[in-house]
Every structure is written in C-alpha cells, then in structure tokens.
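Enquirer: Pasting a structure below so you can have a look.
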There are 2 protein chains.
Amino acid sequence: MGTQTTTTSIAELIADRIDSMPAGERRAAQTLVANYPVIGLKTVADFSQQAGVSSPTILRFVARLGFQNYPEFQSALQDELAAQLQSPASRTTTAPNRSDAASPMIEATLDNLRETFRHLSDKQLNEIAEKMADHRGHMFLIGGRFTDPLARYMAAHLAIIRPNVFHLVGQESMWRDRLIDMGKRDVLVIFDIRRYQDSLIRFAEKAHQRGVQIVLFTDQWLSPIARFARHVIAGRTAVPSPWDSSAALFVVAETLIGAVTRQMEPDSARRIREMEGLR
Amino acid sequence: MGTQTTTTSIAELIADRIDSMPAGERRAAQTLVANYPVIGLKTVADFSQQAGVSSPTILRFVARLGFQNYPEFQSALQDELAAQLQSPASRTTTAPNRSDAASPMIEATLDNLRETFRHLSDKQLNEIAEKMADHRGHMFLIGGRFTDPLARYMAAHLAIIRPNVFHLVGQESMWRDRLIDMGKRDVLVIFDIRRYQDSLIRFAEKAHQRGVQIVLFTDQWLSPIARFARHVIAGRTAVPSPWDSSAALFVVAETLIGAVTRQMEPDSARRIREMEGLR
DNA sequence: CCGGGAGCGTATCGTATGTTACGTATTTTG
DNA sequence: CAAAATACGTAACATACGATACGCTCCCGG
C-alpha cells in the first residue's frame with residue numbers, strides 16, 4: 001500500500017534536474033516528457049533514435065536520474081503507470097474540499113467501481129449469469145473471513161429465484177464433506193481477497209478436480225484460486241483505510257443477481273409468487 | 001508509425017477469444033485483463049510468474065492473439081497506451097451496450113452512492129463512528145432477510161478492533177433473550193430496508209425501551225424503526241433490477257468501519273497485532 | 001482398457017538488448 | 001590561444017531475454 005508515497009514522479013524528477021544536464025541528455029529528457037511515458041518503455045535503441053542521440057547518452061541520462069540501470073528505470077515507469085491507471089484521478093468532484101475523512105473514502109470507492117467495471121466485459125458478465133441461471137446442477141457459495149457475507153448476500157437472493165442454491169457455512173471439514181455431492185454440472189462461487197485463505201484454496205482445488213465450475217470473486221492481484229476458476233472477476237479493493245474494500249465485488253454481485261433474475265424470467269417471477277403463497 | 005494497430009483493442013480481442021483458449025492461456029488472459037496493461041509491458045518471465053504459468057504458455061497466448069512475437073505484442077500495447085493517454089476523452093472504452101443491463105445498473109449504483117453521501121453529513125458520520133468506538137458498552141448488530149450479511153460484514157471487522165461486538169443470529173426468540181443484557185451504554189446497529197420486517201421492528205422497540213442506542217441503516221423511505229433510532233442512515237436503493245440495491249448502505253458501512261478504526265488508533269493497531277499473535 | 005492427440009512445462013539455443021571501453025569532437029579555462 | 005576537461009558517439013562485449021525443440025501428462029474417443 002505504501003507505494004503511493006511522496007516519491008516524486010519521474011516527470012518531476014526530470015523537471016528538477018533538466019537544467020543541470022548536458023545538451024544530449026537534455027534532448028533525451030525533452031523527448032521523454034513529450035512522449036511520456038511510452039517512449040521510456042521501449043528499448044534503449046528506440047529511445048535514442050527518437051531523441052536523435054546515441055544509446056550511451058540515454059543510459060547516462062537515466063543514470064543521472066539516479067537509476068542503477070535501464071531496466072530499473074523502466075520498472076519505475078511501469079509502477080508509476082500502474083498506480084496512475086488504478087485511480088483515474090476523480091477530478092470532476094464539485095466541492096470535495098471538506099476537511100474530513102469520508103470524502104477520500106467515497107471517492108476512492110467510486111473510482112474502484114468504475115475501474116472494476118471497465119475491466120469487465122458485458123459478454124463475460126452475461127456468460128457468468130447464464131451459468132448461474134442453469135439450475136440443472138447445484139450451486140454452492142462460499143467466502144473468506146471478510147467476504148463470506150458477500151457469498152451469503154448473493155445466496156440469499158439466488159436461492160429465491162432458482163432451486164439448489166447452497167451457502168457453505170461452518171468449519172472447513174463441513175464443506176469438504178459436501179464435495180461428495182459436487183460434479184461437472186455444478187457451480188461453485190468463491191469470494192477470496194487477500195490475504196488469501198489456505199482453506200479456500202484447498203477446497204477450490206478439490207472441487208476443481210471433481211469438475212466443478214468455479215466462479216471466483218477476487219482482487220486485482222488474483223487469488224491463487226484463479227488457477228482453478230472457469231470465470232474470474234477481479235475487483236479493485238484499494239481505499240484510504242486500514243481495510244480493503246469489498247464494495248466493488250459487492251456491486252458486481254448485485255449486478256449478477258439482477259442479470260440472473262432477468263435471464264430466468266418468467267420462471268423466477270412464478271417462483272417468487274409461489275413462494276409468497278407459502279408464507 | 002506504419003503499424004496502426006488493429007482497430008479492435010487488445011482487451012476486446014482477448015474477450016473474444018478467451019473461450020477458445022486452453023486453461024493455461026486463459027489464466028494468462030485473466031491476469032493480463034486484471035492488471036491491464038502494465039503486466040504485458042514487463043518481460044515474459046514476469047508475466048508468466050504473475051500468471052502462475054510457464055514462459056512458453058505466455059508466448060503461445062500472444063501467438064493466439066495473432067501476434068508474430070512478443071515484442072510485436074508489446075508494441076501494440078504501447079501504441080494503444082499512447083493513444084489512450086493522448087486523448088483522455090476516449091476513456092469510456094469497451095462497452096458498446098447492447099440491450100444488456102450491466103451499464104444502467106452500474107450507473108444507477110454510482111448515482112445512488114453520490115446521492116446517499118450527499119445527504120449524509122460528515123458530522124453525523126463522525127458522531128456515529130464515535131459512538132461505535134466507545135467500547136465501554138456492548139455492540140450488537142442485526143439485519144433483515146437480505147441485509148443481514150451487511151451486519152455480518154460490519155461485525156466481522158469491528159469485532160477485530162474493539163471488544164464486545166456481537167452479531168445476532170438465529171431465531172427471533174434468540175435475540176430477544178439477549179435483550180436482558182442490553183442497557184443505556186450499549187449500541188444496536190440494525191439494517192432494515194423494505195419490505196421492513198416486523199420481527200426487527202418489535203425487537204428495536206423493546207431495545208429502545210431499555211435505553212439502547214440504535215443506529216439504523218435503512219432506505220430512503222425509512223423503516224418504522226427510525227422512530228426509535230438515535231442515528232438514521234438513509235441509503236438510496238433504486239436500481240434497474242427486480243431487486244433493491246444495498247450497495248450504498250454497504251459503502252456507508254465500510255466508511256464507518258474505516259472511521260472507527262482510525263478513531264481507535266493506536267488501540268486498534270495494538271489489538272490487531274495481539275490478535276495475530278494468537279494464531 | 002487402450003491408443004492418439006492436445007496441452008503444458010523443462011531445458012536449450014540464438015539473438016536482441018543493455019552495457020562498457022575507448023577515441024574523437026566540443027567546450028571551457030588559464 | 002592553447003591545453004585540459006567534459007561530452008558524445010562508435011564499436012565490441014556480455015547478459016538476459018524471447019524462441020524452440022522435446023518429452024511428459026492428462027483427457028478424450030474408440
């Protein structure tokens with residue numbers, strides 16, 4: 001998490017030192033800021049050609065910026081880029097200048113939501129919804145220490161519109177015994193964000209071996225369970241808080257609940273009415 | 001610049017073909033989409049390690065996408081990135097919506113979040129957080145049919161940073177028996193959105209009579225429990241779906257979790273460390 | 001139960017890439 | 001104006017990177 005510190009960006013670093021640079025290196029610097037940062041991600045040869053200088057000049061340039069070698073310089077650029085792409089700078093906010101802690105939190109959450117859905121194609125969502133709507137097989141849901149409530153939330157809704165939905169609770173040994181009932185037609189929905197739980201990984205592996213289709217809700221670093229998953233949903237979790245946020249995954253879950261419900265019309269409507277009658 | 005990239009972005013290309021991919025390459029695809037595009041700019045070794053597959057699998061993956069070799073793939077990513085960074089307007093990306101419902105859903109959720117927080121003063125949040133941080137009394141959490149997972153989620157976090165946090169589960173008669181332990185110093189957090197549950201209302205009233213401080217999470221039409229509540233949080237729930245959305249309440253819950261944690265520093269930090277030691 | 005094929009990883013290879021040494025050009029300074 | 005120091009490019013070098021050949025494993029069909 002600490003990576004976002006006041007470590008001056010490379011662009012600033014260049015602005016600081018560009019005056020004390022010799023002519024060739026200055027041209028390199030100008031070329032870099034003009035095509036920031038893509039040109040710096042290419043090879044030294046490309047960079048040097050674009051700047052109209054020689055390769056060693058490029059290397060001396062990055063050395064002057066304080067990097068040991070060219071790959072280290074590139075890694076720094078990539079990290080910076082990654083950080084930048086993750087929080088697409090919500091600058092439109094009308095009057096966010098309140099001096100408290102709620103605003104950054106909500107802003108970050110909004111960014112997380114946007115970013116999560118940006119990486120999630122409608123096609124993928126529909127496919128997952130389709131699989132979840134297929135009630136020939138059983139459907140199991142489970143989550144980790146903090147994410148199990150999400151599994152529970154999803155199960156509470158899906159259990160209403162389709163049969164054979166089970167939320168796995170209790171001890172690890174309890175779920176494992178349910179494995180005996182799982183097979184190729186079944187779907188297992190797992191919520192697992194870091195720190196990833198060994199128990200879930202073991203369980204996912206065993207389920208996978210039995211041919212169960214796994215849908216994984218995880219964070220952007222991907223739980224090891226992604227290895228066994230048929231579908232992976234990667235949500236952004238970073239917020240200015242000691243805890244990770246599951247809000248993005250929650251919203252994806254709600255979206256899927258809605259999609260599955262719609263896909264099962266008019267079956268689901270009839271089922272709901274029938275259920276009302278049983279009260 | 002002869003190589004104007006293929007008109008379709010690489011992300012779309014992946015979405016198209018991910019289904020016809022073998023397991024290993026699919027993992028590569030998922031990893032790339034989750035960390036798009038930075039991981040693709042690193043070396044094959046880095047990429048393969050992050051995805052948990054071998055280098056040749058990565059190369060087969062990029063070959064399947066239609067690239068002759070890895071550098072060509074990287075160049076395409078770089079070009080795409082350059083184009084994207086130059087025209088910040090075209091950030092909306094990828095989702096040319098068909099009759100599909102994902103986009104309206106996420107848009108509505110974003111609106112709900114903004115509206116909810118617009119009507120929620122920082123002062124109010126801070127007061128609630130303060131009350132929740134006061135661990136002289138006990139803290140009880142409970143929710144309705146669909147919202148109880150939210151209570152559970154909140155309890156899972158708060159129970160870590162302060163003592164005496166209890167999530168009320170099971171049958172109505174079970175909670176009622178806990179009333180005997182509740183008094184003026186205690187806090188009861190209730191989640192109740194329509195259709196409001198009679199059992200919760202009855203419970204809230206009895207708790208109120210005993211002087212318990214009630215914090216209510218409800219929808220914009222306000223559960224009858226608001227009558228007994230010391231603090232009321234009204235979240236927007238309307239979305240284009242057969243179900244109501246609890247996302248806004250979820251985010252408020254996360255915000256409060258963060259605020260309470262911050263307010264209890266350094267106590268909470270010490271408590272967490274201590275807890276780690278017990279594992 | 002037994003072939004056949006596809007998928008994947010290990011190990012090896014060739015090469016593109018970053019690096020460095022050195023000589024020439026250019027600027028600086030006494 | 002001369003001499004030295006700094007800057008820069010050319011060319012040779014070494015390494016790390018991407019590419020490929022090969023064999024094992026797993027899954028499917030006969």
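Residue names in the structure tokens use chain letters A, B, ... in the order shown, residue numbers from 1 in each chain, and ligand numbers from 1 in the order shown.
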Following superposition of chain B onto chain A on all C-alpha atoms, paired in order, what is the C-alpha RMSD to one decimal in Å?

Expert: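 C-alpha RMSD after optimal superposition stands at 19.2 Å.
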
Enquirer: Can you list, as a list in words, every protein, DNA or RNA residue that comes within 10 Å of region 1-17 of chain D when you count only C-alpha atoms (C1' of nucleotides), leaving out same-chain residues fewer than 3 positions away?

Expert: Pro22, Ala23, Gly24, Glu25, Val53, Ser54, Ser55, Pro56 and Thr57 of chain A; Thr43, Val44 and Ala45 of chain B; DT15, DA16, DT17, DG18, DT19, DT20, DA21, DC22, DG23, DT24, DA25, DT26, DT27, DT28, DT29 and DG30 of chain C

Enquirer: With a distance cut-off of 12 Å and only C-alpha atoms (C1' of nucleotides), select the neighbouring residues of Leu216 (chain A), excluding the residue or stretch itself and same-chain residues fewer than 5 positions from it, and output the selection as a PyMOL selection string.

Expert: (chain A and resi 128+140-144+147+151+187-193+200-201+204+222-235+249+252-253) or (chain B and resi 30)

Enquirer: Counting only C-alpha atoms (C1' of nucleotides), which residues from chain C have an atom at most 12 Å from any atom of chain B, and could you show them as a list in words?

Expert: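 Written out as asked, the residues are DA6, DG7, DC8, DG9, DT10 and DA16 of chain C.
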
Enquirer: What are the nearest atom pairs, with distances in Å to one decimal, for all residues of chain B that come at most 6 Å from chain A, using only C-alpha atoms, set out by chain and rising residue number as JSON lines?

Expert:
{"residue": "B:Ala34", "atom": "CA", "partner": "A:Gln220", "partner_atom": "CA", "distance": 5.5}
{"residue": "B:Pro149", "atom": "CA", "partner": "A:Pro149", "partner_atom": "CA", "distance": 4.6}
{"residue": "B:Tyr153", "atom": "CA", "partner": "A:Pro149", "partner_atom": "CA", "distance": 5.6}
{"residue": "B:Ser241", "atom": "CA", "partner": "A:Gly258", "partner_atom": "CA", "distance": 5.4}
{"residue": "B:Gly258", "atom": "CA", "partner": "A:Ser241", "partner_atom": "CA", "distance": 5.5}

Enquirer: Next, write the just-selected residues to a file, as a PDB file, in the first residue's frame, keeping C-alpha atoms as the atom set.

Expert:
ATOM      1  CA  ALA B  34      -6.828  -7.810 -14.259  1.00  0.00           C
ATOM      2  CA  PRO B 149     -24.943 -10.098   5.502  1.00  0.00           C
ATOM      3  CA  TYR B 153     -19.688  -7.862   7.342  1.00  0.00           C
ATOM      4  CA  SER B 241     -33.328  -4.513 -11.405  1.00  0.00           C
ATOM      5  CA  GLY B 258     -12.688   2.839   8.463  1.00  0.00           C
TER       6      GLY B 258
END

Enquirer: Considering only C-alpha atoms (C1' of nucleotides), give me a table of residues in chain D that are at most 10 Å from chain B, with the closest atom pair and distance in Å for each, as CSV.

Expert:
residue,atom,partner,partner_atom,distance
D:DC17,C1',B:Thr43,CA,7.7
D:DG18,C1',B:Tyr70,CA,7.3
D:DA19,C1',B:Pro56,CA,8.6
D:DT20,C1',B:Pro56,CA,9.2

Enquirer: For those residues, write C-alpha atoms (C1' of nucleotides) to a file as a compact mmCIF listing (two decimals), in the first residue's frame.

Expert:
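File out.txt, as written:
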# COMPACT_ATOMS: atom_id res chain seq x y z
C1' DC D 17 15.51 -12.28 -22.83
C1' DG D 18 12.48 -14.47 -26.13
C1' DA D 19 12.11 -18.51 -29.03
C1' DT D 20 12.05 -23.52 -29.85

Enquirer: When DSSP is applied to the backbone of this structure, which of region 153-242 of chain B are assigned helix (DSSP H, G or I)? Write them out as number ranges by chain.

Expert: B: 153-161, 172-181, 198-209, 224-228

Enquirer: For the structure I just gave you, how does DSSP split region 120-200 of chain A - specifically, which residues are strand (DSSP E or B)? Reply as a PyMOL selection string.

Expert: chain A and resi 139-143+165-167+187-191
